[in-house]
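Have a look at the structure below before the remarks.
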Amino acid sequence: MGKNITYYISVIFLIFIVVLLYVLVSQPAMPLPINNTTNTSFSAPLHQIFVTNGASNSDSVSVINATNYTVVKTINGFLHPTAIAISPNGAQAFVTNSGSDTVSIIDTAIDTLVKNITVGQNPSGIAFSPNGAEVFVTSNNGSFNSTVSVINTTTDLVVNTIPVEYSAEGIAISPNGAQAFVTVDGNIAIINTSSNKVVNYVETFYFDPSQKKYVGHNPYGVVVSPSGSWAFVSSSDASTIYIINTTTDILARNISGVGGGSDPYGSEIAISPNGTTLFVTNVSSVSHSPSGTVSVINTTTDAIVKTVSVPPPYGIAISPNGTQIATTNPSGDSVSIISTANYAIIKTIRVGIGPEGIAIT
C-alpha cells in the first residue's frame with residue numbers, strides 16, 4: 001500500500017510540474033527594460049579646444065571645454081610645443097615639439113600624452129592625410145636640407161623622409177590626399193604623396209630684372225579649399241595671400257592689403273568648412289605698439305570683407321560647424337573666441353604662457 005501511495009504522489013508531482021511549465025511557456029514574454037539613454041551629437045558650438053603653450057616656462061597643452069569655455073586640463077611633458085593637428089576621427093592630437101625634434105601624441109579621450117616620435121630637426125608644421133593613415137611634419141632647421149617626415153599612424157613610425165628646400169614651415173594636404181603643399185623660403189613645394197617626392201615649386205620670391213633685386217614675400221601658412229581646386233598661402237612678412245591653382249600648379253593670383261594696418265604681417269590661415277571664407281591672423285607693430293587683426297576674405301570675389309580687431313594673434317582655427325573661430329595671443333597668454341555671425345569676440349580664455357598652435361574638435 002505504501003508503495004502505491006509513493007507512486008501516486010510521484011505522478012501527481014509530475015503532473016504539477018508539466019502544468020507549471022505549460023503556464024510559464026504560454027505567458028507573453030516580459031518586455032526588456034527600456035534604455036532611456038540616447039546617443040546624441042554634441043550640441044555645443046565647439047567640443048574641445050587644444051592650445052600649445054610654447055614658452056620654456058610653460059611647455060604644455062591647454063585643453064578647453066568649449067561648452068563653458070574653461071580650461072579643464074593642462075597636459076605637461078612637451079618641449080616648446082608649436083603646431084597641433086587633430087586626427088580626422090578626433091581620437092588623437094599630434095603636437096610638434098621644436099625643442100626636442102619630436103612629435104607627441106595625445107589621446108583625446110583621456111587628454112593624456114601617450115607617446116613621442118622622433119622626426120626631423122625643429123619640427124614646425126603638421127597635417128593629417130584625409131583618411132588619417134598618415135601625418136606629415138615639416139622640419140624648419142634653417143638650412144637647405146629641410147625635410148617632411150611621414151608618420152604611419154598605425155605603427156607610429158616615420159616611414160618616409162622627404163627633402164624639401166630651405167626652412168620648411170606650413171603644410172596642408174589636398175582633400176583627396178594626393179598632394180601636400182609645403183611653404184618654404186620664397187616658394188611653395190608641392191609633394192606627390194604617392195611617390196613622396198617634390199614634383200613642383202611655385203615661386204613667391206623671385207629676382208626681378210627690372211628692379212635688379214629679389215621681390216615677393218615669404219610664404220608661411222597654407223590651406224587647401226574643400227574642393228581641392230585652390231591652395232591659399234599667407235605670407236610672414238607682408239600683407240599678401242597667394243592663390244595657387246592645384247591643377248596646373250601655377251600661382252593664379254594674389255590678394256593684397258590683408259591686415260588693414262600700415263605694416264601688418266601674416267601668420268596663420270584657416271578656411272571655413274564650406275570653403276567660402278578665409279581667416280588670416282595679422283600683427284602690426286606700428287609705433288612699437290603691437291596690435292592684431294583677423295582678415296576675413298571671400299574666396300569667390302577675393303575681397304577682404306571684414307577686418308576684426310583682436311589681441312595680437314598667432315594661431316587660428318575654426319569650429320567644425322563654422323560658427324566660431326579661435327585665435328591664440330602669445331603676448332597675452334590667452335585665446336579669443338570669435339563668432340562668425342557678427343565677428344565679435346565672445347570670450348577671452350586665459351591659458352598657458354606663450355600660446356601658439358590651436359586646434360578644435
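Order determines the names: the first chain of the C-alpha cells is A, the second B, and so forth; residues in each chain are numbered 1 upward, and ligands are numbered 1 upward as they are shown.
Contact shell of Thr183 in chain A at 10 Å (only C-alpha atoms; same-chain neighbours under 5 positions omitted): Gly125, Thr138, Val164, Glu165, Tyr166, Ser167, Ala168, Glu169, Gly170, Ile171, Ala172, Ile188, Ala189, Ile190, Tyr201, Val202, Thr204, Asn218, Pro219, Tyr220, Gly221, Val222, Val233, Ser234 and Ser235 of chain A.
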Same residues, N, CA and C atoms, saved as a JSON list (two decimals), in the first residue's frame:
[["chain", "number", "residue", "atom", "x", "y", "z"],
["A", 125, "GLY", "N", 55.39, 72.60, -38.96],
["A", 125, "GLY", "CA", 54.00, 72.39, -39.40],
["A", 125, "GLY", "C", 53.62, 70.93, -39.33],
["A", 138, "THR", "N", 56.65, 69.05, -41.08],
["A", 138, "THR", "CA", 57.76, 69.81, -41.66],
["A", 138, "THR", "C", 58.84, 70.06, -40.61],
["A", 164, "VAL", "N", 63.08, 68.81, -48.81],
["A", 164, "VAL", "CA", 62.49, 70.00, -49.43],
["A", 164, "VAL", "C", 63.51, 71.13, -49.33],
["A", 165, "GLU", "N", 63.12, 72.31, -49.81],
["A", 165, "GLU", "CA", 64.06, 73.43, -49.80],
["A", 165, "GLU", "C", 64.20, 74.04, -48.41],
["A", 166, "TYR", "N", 64.83, 75.18, -48.38],
["A", 166, "TYR", "CA", 65.19, 75.88, -47.16],
["A", 166, "TYR", "C", 63.97, 76.23, -46.30],
["A", 167, "SER", "N", 64.08, 75.95, -44.99],
["A", 167, "SER", "CA", 63.13, 76.41, -43.97],
["A", 167, "SER", "C", 61.69, 76.03, -44.27],
["A", 168, "ALA", "N", 61.40, 74.75, -44.25],
["A", 168, "ALA", "CA", 60.02, 74.30, -44.41],
["A", 168, "ALA", "C", 59.19, 74.74, -43.20],
["A", 169, "GLU", "N", 57.98, 75.20, -43.44],
["A", 169, "GLU", "CA", 57.17, 75.76, -42.36],
["A", 169, "GLU", "C", 55.77, 75.14, -42.34],
["A", 170, "GLY", "N", 54.81, 75.78, -43.03],
["A", 170, "GLY", "CA", 53.43, 75.30, -43.01],
["A", 170, "GLY", "C", 53.21, 74.14, -43.96],
["A", 171, "ILE", "N", 52.14, 73.38, -43.73],
["A", 171, "ILE", "CA", 51.81, 72.26, -44.61],
["A", 171, "ILE", "C", 50.31, 72.03, -44.60],
["A", 172, "ALA", "N", 49.78, 71.65, -45.76],
["A", 172, "ALA", "CA", 48.37, 71.29, -45.91],
["A", 172, "ALA", "C", 48.27, 70.16, -46.92],
["A", 188, "ILE", "N", 56.46, 77.57, -52.61],
["A", 188, "ILE", "CA", 55.58, 76.53, -52.09],
["A", 188, "ILE", "C", 55.98, 75.24, -52.77],
["A", 189, "ALA", "N", 56.41, 74.27, -51.98],
["A", 189, "ALA", "CA", 56.78, 72.96, -52.53],
["A", 189, "ALA", "C", 55.54, 72.09, -52.63],
["A", 190, "ILE", "N", 55.36, 71.42, -53.76],
["A", 190, "ILE", "CA", 54.22, 70.54, -53.96],
["A", 190, "ILE", "C", 54.72, 69.10, -54.01],
["A", 201, "TYR", "N", 57.76, 73.38, -57.59],
["A", 201, "TYR", "CA", 57.91, 74.53, -56.70],
["A", 201, "TYR", "C", 57.20, 75.71, -57.33],
["A", 202, "VAL", "N", 56.42, 76.42, -56.55],
["A", 202, "VAL", "CA", 55.75, 77.64, -57.02],
["A", 202, "VAL", "C", 56.42, 78.82, -56.34],
["A", 204, "THR", "N", 57.18, 82.48, -54.89],
["A", 204, "THR", "CA", 56.57, 83.72, -54.41],
["A", 204, "THR", "C", 57.65, 84.78, -54.19],
["A", 218, "ASN", "N", 57.85, 85.89, -48.22],
["A", 218, "ASN", "CA", 57.98, 84.52, -47.76],
["A", 218, "ASN", "C", 56.63, 83.93, -47.38],
["A", 219, "PRO", "N", 56.27, 82.79, -47.95],
["A", 219, "PRO", "CA", 55.02, 82.13, -47.58],
["A", 219, "PRO", "C", 55.13, 81.52, -46.18],
["A", 220, "TYR", "N", 53.98, 81.38, -45.53],
["A", 220, "TYR", "CA", 54.01, 80.86, -44.15],
["A", 220, "TYR", "C", 52.94, 79.80, -43.94],
["A", 221, "GLY", "N", 51.69, 80.22, -43.74],
["A", 221, "GLY", "CA", 50.60, 79.26, -43.56],
["A", 221, "GLY", "C", 49.98, 78.86, -44.88],
["A", 222, "VAL", "N", 49.34, 77.69, -44.90],
["A", 222, "VAL", "CA", 48.71, 77.23, -46.14],
["A", 222, "VAL", "C", 47.48, 76.38, -45.81],
["A", 233, "VAL", "N", 47.78, 80.70, -49.49],
["A", 233, "VAL", "CA", 49.03, 80.78, -48.74],
["A", 233, "VAL", "C", 49.18, 82.17, -48.15],
["A", 234, "SER", "N", 49.44, 82.23, -46.84],
["A", 234, "SER", "CA", 49.71, 83.53, -46.21],
["A", 234, "SER", "C", 51.20, 83.81, -46.26],
["A", 235, "SER", "N", 51.57, 85.07, -46.05],
["A", 235, "SER", "CA", 52.98, 85.45, -46.03],
["A", 235, "SER", "C", 53.36, 85.96, -44.64]]
Tell me which protein, DNA and RNA residues are within 9 Å of Thr276 in chain A, counting only C-alpha atoms, leaving out same-chain ones fewer than 5 positions away, and put them as a PDB file with N, CA and C atoms, in the first residue's frame.
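Final output, saved to part19.pdb:
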ATOM      1  N   SER A 225      41.366  74.447 -50.372  1.00  0.00           N
ATOM      2  CA  SER A 225      39.909  74.547 -50.400  1.00  0.00           C
ATOM      3  C   SER A 225      39.287  73.156 -50.320  1.00  0.00           C
ATOM      4  N   ILE A 271      40.388  78.100 -43.221  1.00  0.00           N
ATOM      5  CA  ILE A 271      39.322  78.206 -44.219  1.00  0.00           C
ATOM      6  C   ILE A 271      38.054  77.602 -43.640  1.00  0.00           C
ATOM      7  N   ILE A 297      38.139  86.987 -45.630  1.00  0.00           N
ATOM      8  CA  ILE A 297      38.230  87.113 -47.088  1.00  0.00           C
ATOM      9  C   ILE A 297      37.221  86.204 -47.759  1.00  0.00           C
ATOM     10  N   ASN A 298      36.470  86.763 -48.698  1.00  0.00           N
ATOM     11  CA  ASN A 298      35.535  85.994 -49.524  1.00  0.00           C
ATOM     12  C   ASN A 298      36.328  85.294 -50.624  1.00  0.00           C
ATOM     13  N   THR A 299      36.297  83.973 -50.665  1.00  0.00           N
ATOM     14  CA  THR A 299      37.117  83.233 -51.634  1.00  0.00           C
ATOM     15  C   THR A 299      36.561  83.259 -53.048  1.00  0.00           C
ATOM     16  N   THR A 300      35.321  83.703 -53.210  1.00  0.00           N
ATOM     17  CA  THR A 300      34.748  83.822 -54.557  1.00  0.00           C
ATOM     18  C   THR A 300      35.182  85.116 -55.235  1.00  0.00           C
TER      19      THR A 300
END
Report task. May I ask for the distance between CA of Thr155 in chain A and CA of Thr74 in chain A, given in Å to one decimal place? Result -> 26.8 Å
**Report entry** Closest of A:Val114, A:Ile250, A:Val280, A:Ile173 to Ser129 in chain A - atom-to-atom distances counting only C-alpha atoms
**Finding:** A:Ile173
Query raised in the report: Please, which residues of range 42-230 of chain A, numbered as in this document, come out strand (DSSP E or B) from DSSP, as JSON, numbers by chain?
Result: {"A": [48, 49, 50, 51, 52, 53, 60, 61, 62, 63, 64, 65, 70, 71, 72, 73, 74, 75, 76, 81, 82, 83, 84, 85, 86, 92, 93, 94, 95, 96, 97, 102, 103, 104, 105, 106, 107, 112, 113, 114, 115, 116, 117, 118, 123, 124, 125, 126, 127, 128, 134, 135, 136, 137, 138, 139, 147, 148, 149, 150, 151, 152, 157, 158, 159, 160, 161, 162, 163, 171, 172, 173, 179, 180, 181, 182, 183, 184, 187, 188, 189, 190, 191, 192, 197, 198, 199, 200, 201, 202, 203, 205, 206, 207, 208, 213, 214, 215, 216, 219, 220, 221, 222, 223, 224, 230]}
Name all residues at most 12 Å from Val308 in chain A (count only C-alpha atoms; drop same-chain ones fewer than 6 positions away) and give them as a PDB file with N, CA and C atoms, in the first residue's frame.
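For reference, out_23.pdb as written:
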ATOM      1  N   VAL A 258      45.982  92.693 -47.012  1.00  0.00           N
ATOM      2  CA  VAL A 258      45.477  91.893 -45.898  1.00  0.00           C
ATOM      3  C   VAL A 258      46.035  92.438 -44.588  1.00  0.00           C
ATOM      4  N   GLY A 259      45.191  92.629 -43.598  1.00  0.00           N
ATOM      5  CA  GLY A 259      45.652  93.089 -42.293  1.00  0.00           C
ATOM      6  C   GLY A 259      45.102  94.435 -41.891  1.00  0.00           C
ATOM      7  N   GLY A 260      44.994  95.354 -42.830  1.00  0.00           N
ATOM      8  CA  GLY A 260      44.365  96.630 -42.523  1.00  0.00           C
ATOM      9  C   GLY A 260      45.268  97.651 -41.875  1.00  0.00           C
ATOM     10  N   GLY A 261      46.514  97.295 -41.528  1.00  0.00           N
ATOM     11  CA  GLY A 261      47.432  98.255 -40.933  1.00  0.00           C
ATOM     12  C   GLY A 261      48.464  98.713 -41.925  1.00  0.00           C
ATOM     13  N   PHE A 279      40.280  83.028 -43.182  1.00  0.00           N
ATOM     14  CA  PHE A 279      40.563  83.811 -41.982  1.00  0.00           C
ATOM     15  C   PHE A 279      42.079  83.844 -41.798  1.00  0.00           C
ATOM     16  N   VAL A 280      42.641  85.049 -41.693  1.00  0.00           N
ATOM     17  CA  VAL A 280      44.091  85.208 -41.619  1.00  0.00           C
ATOM     18  C   VAL A 280      44.453  86.070 -40.415  1.00  0.00           C
ATOM     19  N   THR A 281      45.404  85.585 -39.600  1.00  0.00           N
ATOM     20  CA  THR A 281      45.852  86.389 -38.457  1.00  0.00           C
ATOM     21  C   THR A 281      46.943  87.350 -38.908  1.00  0.00           C
ATOM     22  N   ASN A 282      46.898  88.567 -38.367  1.00  0.00           N
ATOM     23  CA  ASN A 282      47.866  89.610 -38.721  1.00  0.00           C
ATOM     24  C   ASN A 282      48.312  90.343 -37.459  1.00  0.00           C
ATOM     25  N   VAL A 283      49.575  90.759 -37.466  1.00  0.00           N
ATOM     26  CA  VAL A 283      50.110  91.576 -36.376  1.00  0.00           C
ATOM     27  C   VAL A 283      50.760  92.807 -36.989  1.00  0.00           C
ATOM     28  N   SER A 291      49.540  95.501 -32.389  1.00  0.00           N
ATOM     29  CA  SER A 291      48.087  95.336 -32.421  1.00  0.00           C
ATOM     30  C   SER A 291      47.797  94.180 -33.357  1.00  0.00           C
ATOM     31  N   GLY A 292      46.588  93.657 -33.286  1.00  0.00           N
ATOM     32  CA  GLY A 292      46.290  92.481 -34.081  1.00  0.00           C
ATOM     33  C   GLY A 292      44.941  92.545 -34.760  1.00  0.00           C
ATOM     34  N   THR A 293      44.842  91.789 -35.850  1.00  0.00           N
ATOM     35  CA  THR A 293      43.578  91.680 -36.568  1.00  0.00           C
ATOM     36  C   THR A 293      43.431  90.279 -37.138  1.00  0.00           C
ATOM     37  N   VAL A 294      42.204  89.967 -37.498  1.00  0.00           N
ATOM     38  CA  VAL A 294      41.902  88.797 -38.323  1.00  0.00           C
ATOM     39  C   VAL A 294      41.232  89.306 -39.586  1.00  0.00           C
ATOM     40  N   SER A 295      41.823  88.991 -40.736  1.00  0.00           N
ATOM     41  CA  SER A 295      41.216  89.374 -42.011  1.00  0.00           C
ATOM     42  C   SER A 295      40.234  88.297 -42.444  1.00  0.00           C
ATOM     43  N   VAL A 296      39.051  88.727 -42.858  1.00  0.00           N
ATOM     44  CA  VAL A 296      38.003  87.822 -43.343  1.00  0.00           C
ATOM     45  C   VAL A 296      37.884  88.035 -44.849  1.00  0.00           C
ATOM     46  N   ILE A 297      38.139  86.987 -45.630  1.00  0.00           N
ATOM     47  CA  ILE A 297      38.230  87.113 -47.088  1.00  0.00           C
ATOM     48  C   ILE A 297      37.221  86.204 -47.759  1.00  0.00           C
ATOM     49  N   ILE A 325      35.499  81.070 -34.657  1.00  0.00           N
ATOM     50  CA  ILE A 325      36.936  80.908 -34.853  1.00  0.00           C
ATOM     51  C   ILE A 325      37.624  81.201 -33.521  1.00  0.00           C
ATOM     52  N   THR A 327      41.581  82.237 -31.854  1.00  0.00           N
ATOM     53  CA  THR A 327      42.946  82.675 -32.124  1.00  0.00           C
ATOM     54  C   THR A 327      43.760  82.637 -30.828  1.00  0.00           C
ATOM     55  N   SER A 336      41.206  83.905 -27.928  1.00  0.00           N
ATOM     56  CA  SER A 336      39.990  84.669 -28.213  1.00  0.00           C
ATOM     57  C   SER A 336      39.022  83.808 -29.014  1.00  0.00           C
ATOM     58  N   ILE A 337      37.777  83.765 -28.593  1.00  0.00           N
ATOM     59  CA  ILE A 337      36.711  83.072 -29.328  1.00  0.00           C
ATOM     60  C   ILE A 337      35.879  84.130 -30.043  1.00  0.00           C
ATOM     61  N   ILE A 338      35.736  83.982 -31.363  1.00  0.00           N
ATOM     62  CA  ILE A 338      35.057  84.983 -32.186  1.00  0.00           C
ATOM     63  C   ILE A 338      33.891  84.340 -32.913  1.00  0.00           C
ATOM     64  N   SER A 339      32.733  84.967 -32.847  1.00  0.00           N
ATOM     65  CA  SER A 339      31.554  84.487 -33.566  1.00  0.00           C
ATOM     66  C   SER A 339      31.657  84.887 -35.033  1.00  0.00           C
ATOM     67  N   THR A 340      31.383  83.942 -35.934  1.00  0.00           N
ATOM     68  CA  THR A 340      31.396  84.275 -37.357  1.00  0.00           C
ATOM     69  C   THR A 340      30.075  84.897 -37.812  1.00  0.00           C
ATOM     70  N   ASN A 342      28.728  87.701 -36.285  1.00  0.00           N
ATOM     71  CA  ASN A 342      28.892  89.159 -36.235  1.00  0.00           C
ATOM     72  C   ASN A 342      30.344  89.574 -36.022  1.00  0.00           C
ATOM     73  N   TYR A 343      31.262  88.579 -35.966  1.00  0.00           N
ATOM     74  CA  TYR A 343      32.689  88.815 -35.789  1.00  0.00           C
ATOM     75  C   TYR A 343      33.001  89.623 -34.531  1.00  0.00           C
ATOM     76  N   ALA A 344      32.290  89.300 -33.471  1.00  0.00           N
ATOM     77  CA  ALA A 344      32.556  89.876 -32.162  1.00  0.00           C
ATOM     78  C   ALA A 344      33.266  88.844 -31.290  1.00  0.00           C
ATOM     79  N   ILE A 345      34.179  89.320 -30.460  1.00  0.00           N
ATOM     80  CA  ILE A 345      34.830  88.425 -29.504  1.00  0.00           C
ATOM     81  C   ILE A 345      33.829  88.090 -28.407  1.00  0.00           C
TER      82      ILE A 345
END
Can I get the residues of range 108-128 of chain A within 12 Å of range 159-163 of chain A, each with the closest pair of atoms and their distance in Å to one decimal, using only C-alpha atoms, sorted chain first then ascending number, as a tab-separated table?
residue	atom	partner	partner_atom	distance
A:Ile117	CA	A:Val159	CA	11.7
A:Thr118	CA	A:Val159	CA	11.7
A:Val119	CA	A:Thr161	CA	8.8
A:Gly120	CA	A:Thr161	CA	8.4
A:Gln121	CA	A:Thr161	CA	11.8
Let me see the file: selected residues, C-alpha atoms, as a short mmCIF file (atom, residue, chain, number, x, y, z; two decimals), in the first residue's frame.
data_model
loop_
_atom_site.label_atom_id
_atom_site.label_comp_id
_atom_site.auth_asym_id
_atom_site.auth_seq_id
_atom_site.Cartn_x
_atom_site.Cartn_y
_atom_site.Cartn_z
CA ILE A 117 58.03 60.12 -32.08
CA THR A 118 61.42 61.42 -33.26
CA VAL A 119 61.23 63.42 -36.51
CA GLY A 120 63.41 66.00 -38.25
CA GLN A 121 65.15 68.94 -36.65
#
Requested in this report: Pick out the closest residue to Ile106 in chain A from this set: A:Ser60, A:Asn321, A:Thr301, A:Val158. Count only C-alpha atoms.
Outcome: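 Closest candidate: A:Ser60.
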**Report entry** Non-local contacts of Gly357 in chain A (7 Å; only C-alpha atoms; under 3 positions in same chain excluded) as JSON, numbers by chain
**Finding:** {"A": [51, 52, 82, 83, 84, 315]}
Would you write out those residues with C-alpha atoms, as an mmCIF file, in the first residue's frame?
data_model
loop_
_atom_site.group_PDB
_atom_site.id
_atom_site.type_symbol
_atom_site.label_atom_id
_atom_site.label_comp_id
_atom_site.auth_asym_id
_atom_site.auth_seq_id
_atom_site.Cartn_x
_atom_site.Cartn_y
_atom_site.Cartn_z
ATOM 1 C CA VAL A 51 46.271 75.025 -27.367
ATOM 2 C CA THR A 52 50.053 74.593 -27.383
ATOM 3 C CA THR A 82 54.246 74.658 -31.552
ATOM 4 C CA ALA A 83 51.805 73.249 -34.093
ATOM 5 C CA ILE A 84 48.960 70.841 -33.354
ATOM 6 C CA GLY A 315 47.455 80.609 -34.459
#
Query raised in the report: What gap, in Å, lies between CA of Thr323 in chain A and CA of Phe94 in chain A?
Result: 24.2 Å
Query raised in the report: Which residues, written as a VMD selection string, have at least one atom at most 12 Å from Thr247 in chain A, with only C-alpha atoms counted and residues fewer than 5 positions away on the same chain left out?
Result: chain A and resid 174 178 to 179 190 200 227 to 231 252
Store the residues picked out above in a file with N, CA and C atoms, as a tab-separated table (two decimals), in the first residue's frame.
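Below you can see part15.tsv, which holds the result:
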chain	number	residue	atom	x	y	z
A	174	SER	N	45.81	68.01	-49.67
A	174	SER	CA	44.60	68.15	-50.50
A	174	SER	C	43.52	67.20	-50.00
A	178	ALA	N	46.17	63.41	-52.39
A	178	ALA	CA	47.18	63.18	-53.42
A	178	ALA	C	48.35	64.16	-53.36
A	179	GLN	N	48.13	65.34	-52.79
A	179	GLN	CA	49.17	66.36	-52.78
A	179	GLN	C	49.36	66.93	-51.38
A	190	ILE	N	55.36	71.42	-53.76
A	190	ILE	CA	54.22	70.54	-53.96
A	190	ILE	C	54.72	69.10	-54.01
A	200	ASN	N	57.01	69.86	-57.78
A	200	ASN	CA	56.99	71.22	-58.31
A	200	ASN	C	57.26	72.22	-57.19
A	227	SER	N	37.12	71.87	-52.10
A	227	SER	CA	37.00	71.31	-53.44
A	227	SER	C	38.33	70.77	-53.96
A	228	GLY	N	39.41	71.19	-53.33
A	228	GLY	CA	40.74	70.78	-53.77
A	228	GLY	C	41.29	71.59	-54.92
A	229	SER	N	40.56	72.59	-55.38
A	229	SER	CA	40.96	73.35	-56.57
A	229	SER	C	42.01	74.42	-56.30
A	230	TRP	N	42.03	74.94	-55.06
A	230	TRP	CA	42.89	76.08	-54.76
A	230	TRP	C	43.66	75.84	-53.46
A	231	ALA	N	44.89	76.34	-53.45
A	231	ALA	CA	45.67	76.41	-52.22
A	231	ALA	C	45.88	77.88	-51.89
A	252	ALA	N	48.02	81.64	-59.40
A	252	ALA	CA	46.96	82.22	-60.21
A	252	ALA	C	46.75	83.71	-59.95
Query raised in the report: Distance CA of Thr246 in chain A-CA of Pro123 in chain A, one decimal place?
Result: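 Computing it gives 25.3 Å between the two atoms.
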